[in-house]
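Scroll down for the structure; my scribbles are underneath it.
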Amino acid sequence: MARAEKRALALRARFCARLAALYPEKADEILQAQAMPRGIALLVLPWRAELAEAQAQLRQDGVPNEVLATQPPILFVPAHARASAVRHRLCEEGICYAMDAASLAVVMALAPTPADRVLDACAAPGGKTLALAAMMQGKGEIVAVERAKARFFKLRAVLARTRAPNVKAHMGDVRRLVPRLGAFSCVLVDAPCSTEARINPEDAQAFRYWSERKIAECARRQKSILAAAVKALADGGRLVYATCSHAPEENEAVLAWLLMRAPELSLAPAPNPLALPTQPGLCEALGHRYPAPVQQAMRILPSARNGAMFLALLRKSRAASR
Ligand SMILES: C[S@@+](CC[C@H](N)C(=O)[O-])C[C@H]1O[C@@H](n2cnc3c(N)ncnc32)[C@H](O)[C@@H]1O
């Protein structure tokens with residue numbers, strides 16, 4: 001066996017052992033769900049089409065779908081029809097956007113309205129930016145920031161194709177840009193992470209890029225992005241922190257750090273309007289303890305309908321109450 005292959009297998013074993021420790025009764029189910037094909041959500045962009053119109057068009061073209069939510073408008077397509085949905089004219093022409101239901105749940109937890117000014121701190125390729133825009137019915141203002149040049153151009157192409165009317169995109173490091181962007185009533189930090197919850201455990205090669213060292217590096221970056229995001233958040237505002245990692249180092253540990261550093265923030269119970277399978281944030285994991293409020297965060301577990309995500313909803317107190 002080649003050395004690289006051996007290393008990937010060792011990393012896979014380490015990943016599975018961590019998962020078994022995190023989810024003692026559900027690890028096998030989670031591994032299976034991460035490996036299986038799943039359905040896809042289609043966000044119907046309200047400035048481009050009505051939900052019923054998109055639903056009928058897809059059905060007429062043989063793409064089965066059900067309404068998953070109306071605010072924002074979302075259709076759900078089962079796994080066997082996923083490829084035909086993604087290739088459908090409505091997606092190609094930017095009338096619908098195909099994305100994972102768990103990603104939509106993250107934006108629904110922030111629940112921006114047309115009255116909000118929203119910072120999307122880590123925006124590309126832009127699925128959650130569009131979901132924010134859809135929840136705001138194309139009104140209010142979204143500032144979408146992306147640091148990686150190639151990904152920024154993807155974001156810009158997505159915004160152009162979908163004709164998102166209320167989004168301004170900026171290329172740059174959000175930590176540097178924040179002092180120039182003003183204050184926001186809502187901030188989304190969909191943080192760069194180890195993406196371990198998206199790894200297909202049956203593909204040993206996928207583990208070549210996974211390691212506990214990478215998790216630690218991601219956690220450091222997440223903290224520095226959050227520190228900037230909190231500065232951008234207006235008093236009384238809401239912030240959602242999300243990752244697609246199971247690692248407590250990137251989730252509960254980052255939250256515990258944030259709550260200590262920014263006492264003006266408090267965790268609020270994360271809502272679950274799409275009724276996805278979830279469990280609360282962990283107070284104890286992999287030999288570490290975290291403060292009780294982290295239980296208000298939500299671990300979305302993977303299923304036939306959705307991938308896994310971690311999300312936390314935080315509120316910044318008003319200056320008068322501090
Ligand atoms: C998880 S992805 C975001 C996915 C996106 N929110 C979506 O739903 O399509 C994280 C993104 O943050 C970007 N990023 C990483 N560090 C950043 C920084 N300091 N400032 C702005 N963007 C950053 C990465 O390049 C990556 O595109």
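Going by the structure tokens order, chains are called A, B, ..., each with residues numbered from 1, while ligands are numbered from 1 in the order shown.
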> Neighbours of ligand 1 within 8 Å, counting only C-alpha atoms and all ligand atoms, as a ChimeraX atom specification?
Replying inline: /A:103,120-129,145-148,151-152,155,171-175,189-193,195,221,225,243-244
> Leaving out Arg315 in chain A and any residue of its chain fewer than 2 positions from it, which residues lie within 12 Å of it when counting only C-alpha atoms, given as a PyMOL selection string?
Replying inline: chain A and resi 109-110+185-187+230+233-241+259+262-270+312-313+317-318
> Of the residues A:Gly140, A:Pro291, A:Gly94, A:Pro73, which is the one nearest to Asp116 in chain A, using only C-alpha atoms?
Replying inline: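 Looking only at the distances to Asp116 in chain A, the closest residue turns out to be A:Gly140.
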>> Excluding range 17-20 of chain A and its own-chain neighbours fewer than 5 positions away, which residues fall within 8 Å of it when counting only C-alpha atoms? Please give them as a PyMOL selection string.
In response: chain A and resi 25-28+246+286
> Leaving out Val77 in chain A and any residue of its chain fewer than 2 positions from it, which residues lie within 8 Å of it when counting only C-alpha atoms, given as a ChimeraX atom specification?
Replying inline: /A:39-42,63-66,75,79,81-82,85
> In Å, with one decimal, what is the gap from CA of Leu22 in chain A to CA of Ala292 in chain A?
Replying inline: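 Interatomic distance, CA of Leu22 in chain A to CA of Ala292 in chain A: 16.8 Å.
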> Can you list, as a list of chain:residue names, every protein, DNA or RNA residue that comes within 7 Å of Phe310 in chain A when you count only C-alpha atoms, leaving out same-chain residues fewer than 2 positions away?
Replying inline: A:Ala242, A:Thr243, A:Cys244, A:Ser245, A:Asn251, A:Met298, A:Arg299, A:Ile300
For the selection just defined, write its residues with all heavy atoms to a file, as a JSON list (two decimals), in the first residue's frame.
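Contents of out_28.json, freshly written:
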[["chain", "number", "residue", "atom", "x", "y", "z"],
["A", 242, "ALA", "N", -21.86, 29.79, 11.82],
["A", 242, "ALA", "CA", -22.12, 28.44, 11.29],
["A", 242, "ALA", "C", -20.85, 27.82, 10.74],
["A", 242, "ALA", "O", -19.96, 28.52, 10.25],
["A", 242, "ALA", "CB", -23.17, 28.52, 10.18],
["A", 243, "THR", "N", -20.78, 26.49, 10.85],
["A", 243, "THR", "CA", -19.70, 25.73, 10.19],
["A", 243, "THR", "C", -20.32, 24.45, 9.63],
["A", 243, "THR", "O", -21.40, 24.04, 10.07],
["A", 243, "THR", "CB", -18.58, 25.29, 11.16],
["A", 243, "THR", "OG1", -19.07, 24.23, 12.00],
["A", 243, "THR", "CG2", -18.05, 26.43, 12.01],
["A", 244, "CYS", "N", -19.59, 23.80, 8.72],
["A", 244, "CYS", "CA", -20.03, 22.45, 8.33],
["A", 244, "CYS", "C", -18.99, 21.47, 8.86],
["A", 244, "CYS", "O", -18.42, 20.67, 8.13],
["A", 244, "CYS", "CB", -20.27, 22.33, 6.84],
["A", 244, "CYS", "SG", -18.88, 22.74, 5.80],
["A", 245, "SER", "N", -18.75, 21.58, 10.16],
["A", 245, "SER", "CA", -17.80, 20.69, 10.84],
["A", 245, "SER", "C", -18.48, 20.08, 12.06],
["A", 245, "SER", "O", -19.31, 20.73, 12.70],
["A", 245, "SER", "CB", -16.59, 21.51, 11.28],
["A", 245, "SER", "OG", -15.76, 20.73, 12.11],
["A", 251, "ASN", "N", -16.58, 24.60, 16.93],
["A", 251, "ASN", "CA", -17.98, 24.92, 17.23],
["A", 251, "ASN", "C", -18.14, 25.42, 18.67],
["A", 251, "ASN", "O", -17.99, 26.61, 18.93],
["A", 251, "ASN", "CB", -18.86, 23.69, 16.96],
["A", 251, "ASN", "CG", -18.82, 23.29, 15.48],
["A", 251, "ASN", "OD1", -18.62, 24.14, 14.62],
["A", 251, "ASN", "ND2", -19.01, 22.04, 15.18],
["A", 298, "MET", "N", -27.05, 24.61, 17.74],
["A", 298, "MET", "CA", -27.72, 23.44, 17.17],
["A", 298, "MET", "C", -26.74, 22.69, 16.27],
["A", 298, "MET", "O", -26.06, 23.29, 15.44],
["A", 298, "MET", "CB", -28.89, 23.96, 16.33],
["A", 298, "MET", "CG", -29.88, 22.92, 15.96],
["A", 298, "MET", "SD", -31.46, 23.73, 15.59],
["A", 298, "MET", "CE", -31.16, 24.26, 13.94],
["A", 299, "ARG", "N", -26.68, 21.39, 16.48],
["A", 299, "ARG", "CA", -25.94, 20.52, 15.56],
["A", 299, "ARG", "C", -26.98, 19.89, 14.64],
["A", 299, "ARG", "O", -27.80, 19.07, 15.10],
["A", 299, "ARG", "CB", -25.20, 19.43, 16.35],
["A", 299, "ARG", "CG", -23.98, 19.96, 17.06],
["A", 299, "ARG", "CD", -23.29, 18.90, 17.90],
["A", 299, "ARG", "NE", -21.97, 19.38, 18.27],
["A", 299, "ARG", "CZ", -20.84, 19.05, 17.65],
["A", 299, "ARG", "NH1", -20.86, 18.17, 16.67],
["A", 299, "ARG", "NH2", -19.68, 19.57, 18.02],
["A", 300, "ILE", "N", -26.98, 20.29, 13.38],
["A", 300, "ILE", "CA", -27.91, 19.67, 12.41],
["A", 300, "ILE", "C", -27.24, 18.38, 11.94],
["A", 300, "ILE", "O", -26.10, 18.40, 11.47],
["A", 300, "ILE", "CB", -28.19, 20.60, 11.22],
["A", 300, "ILE", "CG1", -28.79, 21.92, 11.71],
["A", 300, "ILE", "CG2", -29.11, 19.92, 10.21],
["A", 300, "ILE", "CD1", -29.10, 22.92, 10.59]]
>> Taking only range 18-247 of chain A into account, list the residues labelled strand (DSSP E) by DSSP (computed from the backbone), as a ChimeraX atom specification.
In response: /A:40-44,66-70,73-77,96-99,117-120,141-146,167-171,184-190,233-243
>> So that I can check the surroundings of range 5-8 of chain A, please list as a PyMOL selection string every protein, DNA and RNA residue that reaches within 9 Å of it, counting only C-alpha atoms and ignoring chain neighbours fewer than 3 positions away.
In response: chain A and resi 1-2+11-13+204-210
> From the list A:Ala21, A:Ala102, A:Ala232, A:Ala115, which residue is nearest Leu282 in chain A when using only C-alpha atoms?
Replying inline: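 Of all the options, A:Ala21 lies closest to Leu282 in chain A.
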>> Run DSSP on the backbone and tell me which residues of range 154-272 of chain A come out as alpha helix (DSSP H); list them as a ChimeraX atom specification.
In response: /A:154-162,174-181,212-232,252-261
